[in-house]
Amino acid sequence: MNSELSRQKVEISLDGVCKVFGKKGRQVTVLQDITFDVHQNEFVSLLGPSGCGKSTLLRIMADLLQPSSGQILIEKEHPREVRLRRKFGIVLQQPTLFEWRTVQENIELPLEVLGQSRSEYRHTVDQLLDTVGLTKFKDYYPWQLSGGMQQRVAIARALSLDPPILFMDEPFSALDEFTKDKLQIELYAIKKKTKKTIIFVSQSVSEAVFLSDRVIILTAHPGRIHSIHHVGFGEERTAQTRDSDPFQALSAAIRTSLYEGQSHKAE
Ligand SMILES: Nc1ncnc2c1ncn2[C@@H]1O[C@H](COP(=O)(O)OP(=O)(O)OP(=O)(O)O)[C@@H](O)[C@H]1O
């Protein structure tokens, strides 16, 4: 482990997590012996081929699924406790906004559910609109927005209760390249500003390298950790980062690991 990371507090800890789907006689092991720690304010991507169990692992971490064996602790507590105290936000591939609520009303929803009044959360919501660049569009309805704008609303909504942790499952995968690149830069800036811990599922090497402090590569059938790569570019990530030699070199190394993971499986 690099020395800077070892000084940071462990926020999420996975120990020997396994997941088996199906009934007796027709069982499939999807995840096997997944063990790693995530530190406070760290951005960790889970990268691997389709079907290797990335979403399943994220869902287990977010208490949407239970592991078949092994343990997950978030700040030394079971994910259920953490979920009930709304200590994490979730952003999925599809933004799942409420069509009959405006941008602002979608972002306000979790605060409204908590029983706060608009005067209490007005400042928070104004700040979130500003953070995701949607102040001018606050009275628009989801169907009046582009896909990228809708995903920005989903991110703002996930941040509305100011959770220390964000779980994100391929949030940009349905978007075009240009919007994707732009949102990656914005997400990195949000992470820097808000100091969140982010676990991010991706199928894209360049996305994972651009956003992450560490990239965890999973192999498929069953999903196991193949390797963990530290991203050493520091906190300056711009459009030019992707053209830099360190970025290209790390992307190439990660691509090699991904292919290695697949070919071991085929042997
Ligand atoms: N509820 C379920 N019951 C049975 N099998 C499931 C269930 N959920 C997922 N699986 C299986 O688990 C495996 C991993 O699925 P998962 O969605 O976690 O993979 P993934 O790496 O996120 O894939 P992708 O990148 O394509 O989204 C797949 O083979 C899938 O069919």
# chains A, B, ... in the order shown; residues from 1 in each chain; ligands from 1
$ select_by_dssp --residues "region 101-240 of chain A" --states "strand (DSSP E or B)" --output "list in words"
Ile165, Leu166, Phe167, Met168, Asp169, Thr197, Ile198, Ile199, Phe200, Val201, Ser202, Arg214, Val215, Ile216, Ile217, Leu218, Thr219, Gly223, Arg224, Ile225, His226, Ser227, Ile228, His229 and His230 of chain A
$ write_last_selection --atoms "C-alpha atoms" --output "PDB file, in the first residue's frame"
ATOM      1  CA  ILE A 165     -19.986   8.055   0.744  1.00  0.00           C
ATOM      2  CA  LEU A 166     -21.285   7.831  -2.840  1.00  0.00           C
ATOM      3  CA  PHE A 167     -21.877   4.537  -4.651  1.00  0.00           C
ATOM      4  CA  MET A 168     -22.016   5.015  -8.412  1.00  0.00           C
ATOM      5  CA  ASP A 169     -22.883   2.238 -10.887  1.00  0.00           C
ATOM      6  CA  THR A 197     -15.481   8.689  -0.585  1.00  0.00           C
ATOM      7  CA  ILE A 198     -16.609   7.296  -3.936  1.00  0.00           C
ATOM      8  CA  ILE A 199     -16.947   3.707  -5.146  1.00  0.00           C
ATOM      9  CA  PHE A 200     -17.496   3.730  -8.883  1.00  0.00           C
ATOM     10  CA  VAL A 201     -18.346   0.831 -11.191  1.00  0.00           C
ATOM     11  CA  SER A 202     -16.969   1.195 -14.702  1.00  0.00           C
ATOM     12  CA  ARG A 214      -7.157   3.250  -7.111  1.00  0.00           C
ATOM     13  CA  VAL A 215      -8.557   0.901  -9.733  1.00  0.00           C
ATOM     14  CA  ILE A 216      -9.563  -2.616  -8.659  1.00  0.00           C
ATOM     15  CA  ILE A 217      -9.644  -5.113 -11.507  1.00  0.00           C
ATOM     16  CA  LEU A 218     -12.041  -8.021 -11.258  1.00  0.00           C
ATOM     17  CA  THR A 219     -11.959 -11.201 -13.308  1.00  0.00           C
ATOM     18  CA  GLY A 223     -15.479 -12.460  -9.889  1.00  0.00           C
ATOM     19  CA  ARG A 224     -12.183 -12.232  -8.036  1.00  0.00           C
ATOM     20  CA  ILE A 225      -9.694  -9.443  -7.520  1.00  0.00           C
ATOM     21  CA  HIS A 226      -7.039  -9.729 -10.209  1.00  0.00           C
ATOM     22  CA  SER A 227      -5.001  -6.661  -9.259  1.00  0.00           C
ATOM     23  CA  ILE A 228      -5.178  -3.234  -7.644  1.00  0.00           C
ATOM     24  CA  HIS A 229      -3.571  -0.253  -9.386  1.00  0.00           C
ATOM     25  CA  HIS A 230      -2.669   3.051  -7.725  1.00  0.00           C
TER      26      HIS A 230
END
$ residues_near_ligand --ligand "ligand 1" --cutoff "8 Å" --atoms "only C-alpha atoms and all ligand atoms" --output "VMD selection string"
chain A and resid 21 to 22 28 30 48 to 57 170 201 to 203 220 to 221 223
$ residues_around --residues "Val103 (chain A)" --least-positions-apart "6" --cutoff "9 Å" --atoms "only C-alpha atoms" --output "PyMOL selection string"
chain A and resi 97+129+134+137-142+150+153
$ write_last_selection --atoms "N, CA and C atoms" --output "short mmCIF file (atom, residue, chain, number, x, y, z; two decimals), in the first residue's frame"
data_model
loop_
_atom_site.label_atom_id
_atom_site.label_comp_id
_atom_site.auth_asym_id
_atom_site.auth_seq_id
_atom_site.Cartn_x
_atom_site.Cartn_y
_atom_site.Cartn_z
N LEU A 97 -35.34 9.78 -12.44
CA LEU A 97 -35.90 11.01 -11.87
C LEU A 97 -37.43 10.93 -11.89
N LEU A 129 -27.41 22.93 -6.94
CA LEU A 129 -27.71 23.33 -8.33
C LEU A 129 -26.49 23.99 -8.94
N LEU A 134 -26.67 23.54 -12.83
CA LEU A 134 -28.05 23.50 -13.33
C LEU A 134 -28.93 24.62 -12.77
N PHE A 137 -31.54 25.88 -14.96
CA PHE A 137 -32.52 24.88 -15.40
C PHE A 137 -33.36 24.34 -14.24
N LYS A 138 -33.33 25.02 -13.11
CA LYS A 138 -33.97 24.45 -11.91
C LYS A 138 -35.47 24.23 -12.07
N ASP A 139 -36.12 24.99 -12.95
CA ASP A 139 -37.57 24.84 -13.11
C ASP A 139 -37.94 23.94 -14.31
N TYR A 140 -36.94 23.35 -14.93
CA TYR A 140 -37.21 22.43 -16.04
C TYR A 140 -37.67 21.08 -15.48
N TYR A 141 -38.38 20.33 -16.31
CA TYR A 141 -38.77 18.97 -15.96
C TYR A 141 -37.77 18.00 -16.61
N PRO A 142 -37.60 16.79 -16.06
CA PRO A 142 -36.59 15.85 -16.59
C PRO A 142 -36.66 15.66 -18.09
N GLN A 150 -29.69 15.16 -16.96
CA GLN A 150 -30.49 14.31 -16.05
C GLN A 150 -29.57 13.60 -15.05
N VAL A 153 -28.61 15.87 -12.31
CA VAL A 153 -29.68 15.99 -11.29
C VAL A 153 -29.58 14.80 -10.32
#
$ closest_residue --among "A:Gly234, A:Pro67, A:Pro79, A:Pro171" --to "Leu92 (chain A)" --atoms "only C-alpha atoms"
A:Pro171
$ closest_residue --among "A:Glu105, A:Asp33, A:Glu75, A:Glu207" --to "Ile12 (chain A)" --atoms "only C-alpha atoms"
A:Glu75
$ closest_residue --among "A:Ser146, A:Gln8, A:Ser119, A:Ser206" --to "Gln40 (chain A)" --atoms "only C-alpha atoms"
A:Gln8
$ atom_distance --atom1 "CA of Asp245 (chain A)" --atom2 "CA of Val205 (chain A)"
15.1 Å
$ atom_distance --atom1 "CA of Ile74 (chain A)" --atom2 "CA of Lys191 (chain A)"
18.9 Å
$ residues_around --residues "Pro110 (chain A)" --least-positions-apart "6" --cutoff "10 Å" --atoms "only C-alpha atoms" --output "ChimeraX atom specification"
/A:86,116,157-161
$ write_last_selection --atoms "C-alpha atoms" --output "PDB file, in the first residue's frame"
ATOM      1  CA  ARG A  86     -28.505   7.782   5.151  1.00  0.00           C
ATOM      2  CA  GLN A 116     -37.327  19.555   6.492  1.00  0.00           C
ATOM      3  CA  ARG A 157     -29.973  14.421  -5.437  1.00  0.00           C
ATOM      4  CA  ALA A 158     -27.551  11.771  -4.150  1.00  0.00           C
ATOM      5  CA  LEU A 159     -25.493  14.567  -2.549  1.00  0.00           C
ATOM      6  CA  SER A 160     -28.487  16.367  -1.004  1.00  0.00           C
ATOM      7  CA  LEU A 161     -28.183  14.758   2.435  1.00  0.00           C
TER       8      LEU A 161
END
$ closest_residue --among "A:Pro246, A:Gln262, A:Ser204, A:Gly147" --to "Thr96 (chain A)" --atoms "only C-alpha atoms"
A:Gly147
$ closest_atom_pairs --of "region 233-258 of chain A" --to "region 179-184 of chain A" --cutoff "12 Å" --atoms "only C-alpha atoms" --output "Markdown table"
| residue | atom | partner | partner_atom | distance |
| --- | --- | --- | --- | --- |
| A:Arg237 | CA | A:Gln184 | CA | 9.5 |
| A:Thr238 | CA | A:Gln184 | CA | 9.5 |
| A:Ala239 | CA | A:Asp181 | CA | 7.8 |
| A:Gln240 | CA | A:Asp181 | CA | 11.1 |
| A:Thr241 | CA | A:Asp181 | CA | 11.3 |
| A:Arg242 | CA | A:Asp181 | CA | 9.8 |
$ write_last_selection --atoms "N, CA and C atoms" --output "PDB file, in the first residue's frame"
ATOM      1  N   ARG A 237      -6.718  16.943 -12.404  1.00  0.00           N
ATOM      2  CA  ARG A 237      -7.219  16.152 -13.545  1.00  0.00           C
ATOM      3  C   ARG A 237      -7.972  17.091 -14.495  1.00  0.00           C
ATOM      4  N   THR A 238      -7.437  17.237 -15.671  1.00  0.00           N
ATOM      5  CA  THR A 238      -8.051  18.125 -16.669  1.00  0.00           C
ATOM      6  C   THR A 238      -8.200  17.342 -17.968  1.00  0.00           C
ATOM      7  N   ALA A 239      -8.756  18.028 -18.984  1.00  0.00           N
ATOM      8  CA  ALA A 239      -8.919  17.363 -20.278  1.00  0.00           C
ATOM      9  C   ALA A 239      -7.562  16.882 -20.811  1.00  0.00           C
ATOM     10  N   GLN A 240      -6.480  17.596 -20.452  1.00  0.00           N
ATOM     11  CA  GLN A 240      -5.138  17.238 -20.953  1.00  0.00           C
ATOM     12  C   GLN A 240      -4.581  15.993 -20.253  1.00  0.00           C
ATOM     13  N   THR A 241      -5.108  15.705 -19.052  1.00  0.00           N
ATOM     14  CA  THR A 241      -4.584  14.553 -18.291  1.00  0.00           C
ATOM     15  C   THR A 241      -4.608  13.286 -19.156  1.00  0.00           C
ATOM     16  N   ARG A 242      -5.680  13.149 -19.940  1.00  0.00           N
ATOM     17  CA  ARG A 242      -5.852  11.923 -20.729  1.00  0.00           C
ATOM     18  C   ARG A 242      -4.780  11.755 -21.809  1.00  0.00           C
TER      19      ARG A 242
END
$ atom_distance --atom1 "CA of Ile155 (chain A)" --atom2 "CA of Glu99 (chain A)"
16.2 Å
$ residues_around --residues "His78 (chain A)" --least-positions-apart "6" --cutoff "9 Å" --atoms "only C-alpha atoms" --output "list in words"
Asp63, Gln71 and Ile72 of chain A
$ write_last_selection --atoms "N, CA and C atoms" --output "mmCIF file, in the first residue's frame"
data_model
loop_
_atom_site.group_PDB
_atom_site.id
_atom_site.type_symbol
_atom_site.label_atom_id
_atom_site.label_comp_id
_atom_site.auth_asym_id
_atom_site.auth_seq_id
_atom_site.Cartn_x
_atom_site.Cartn_y
_atom_site.Cartn_z
ATOM 1 N N ASP A 63 -26.018 -2.415 0.779
ATOM 2 C CA ASP A 63 -27.077 -3.134 1.501
ATOM 3 C C ASP A 63 -28.322 -3.385 0.644
ATOM 4 N N GLN A 71 -17.690 -10.476 5.145
ATOM 5 C CA GLN A 71 -18.191 -9.351 5.935
ATOM 6 C C GLN A 71 -17.854 -8.003 5.306
ATOM 7 N N ILE A 72 -18.791 -7.077 5.438
ATOM 8 C CA ILE A 72 -18.531 -5.700 5.014
ATOM 9 C C ILE A 72 -18.806 -4.794 6.197
#
$ closest_residue --among "A:Ala154, A:Asp37, A:Trp143, A:Lys195" --to "Leu128 (chain A)" --atoms "only C-alpha atoms"
A:Ala154
$ residues_around --residues "Thr131 (chain A)" --least-positions-apart "2" --cutoff "10 Å" --atoms "only C-alpha atoms" --output "list in words"
Val125, Asp126, Gln127, Leu128, Leu129, Gly133, Leu134, Thr135, Arg152, Ile155, Ala156, Glu186, Leu187, Ala189, Ile190, Lys193 and Thr194 of chain A
$ write_last_selection --atoms "C-alpha atoms" --output "CSV table (one decimal), in the first residue's frame"
chain,number,residue,atom,x,y,z
A,125,VAL,CA,-30.3,23.0,-2.8
A,126,ASP,CA,-29.1,26.3,-4.3
A,127,GLN,CA,-25.5,25.2,-3.7
A,128,LEU,CA,-26.1,21.8,-5.2
A,129,LEU,CA,-27.7,23.3,-8.3
A,133,GLY,CA,-24.3,23.6,-13.1
A,134,LEU,CA,-28.1,23.5,-13.3
A,135,THR,CA,-29.1,26.7,-11.6
A,152,ARG,CA,-26.3,15.7,-13.0
A,155,ILE,CA,-25.8,13.3,-8.7
A,156,ALA,CA,-27.1,16.4,-6.9
A,186,GLU,CA,-17.1,17.7,-13.2
A,187,LEU,CA,-17.3,14.6,-10.9
A,189,ALA,CA,-14.1,18.4,-9.2
A,190,ILE,CA,-17.1,17.6,-7.0
A,193,LYS,CA,-14.6,20.0,-3.3
A,194,THR,CA,-16.9,17.8,-1.1
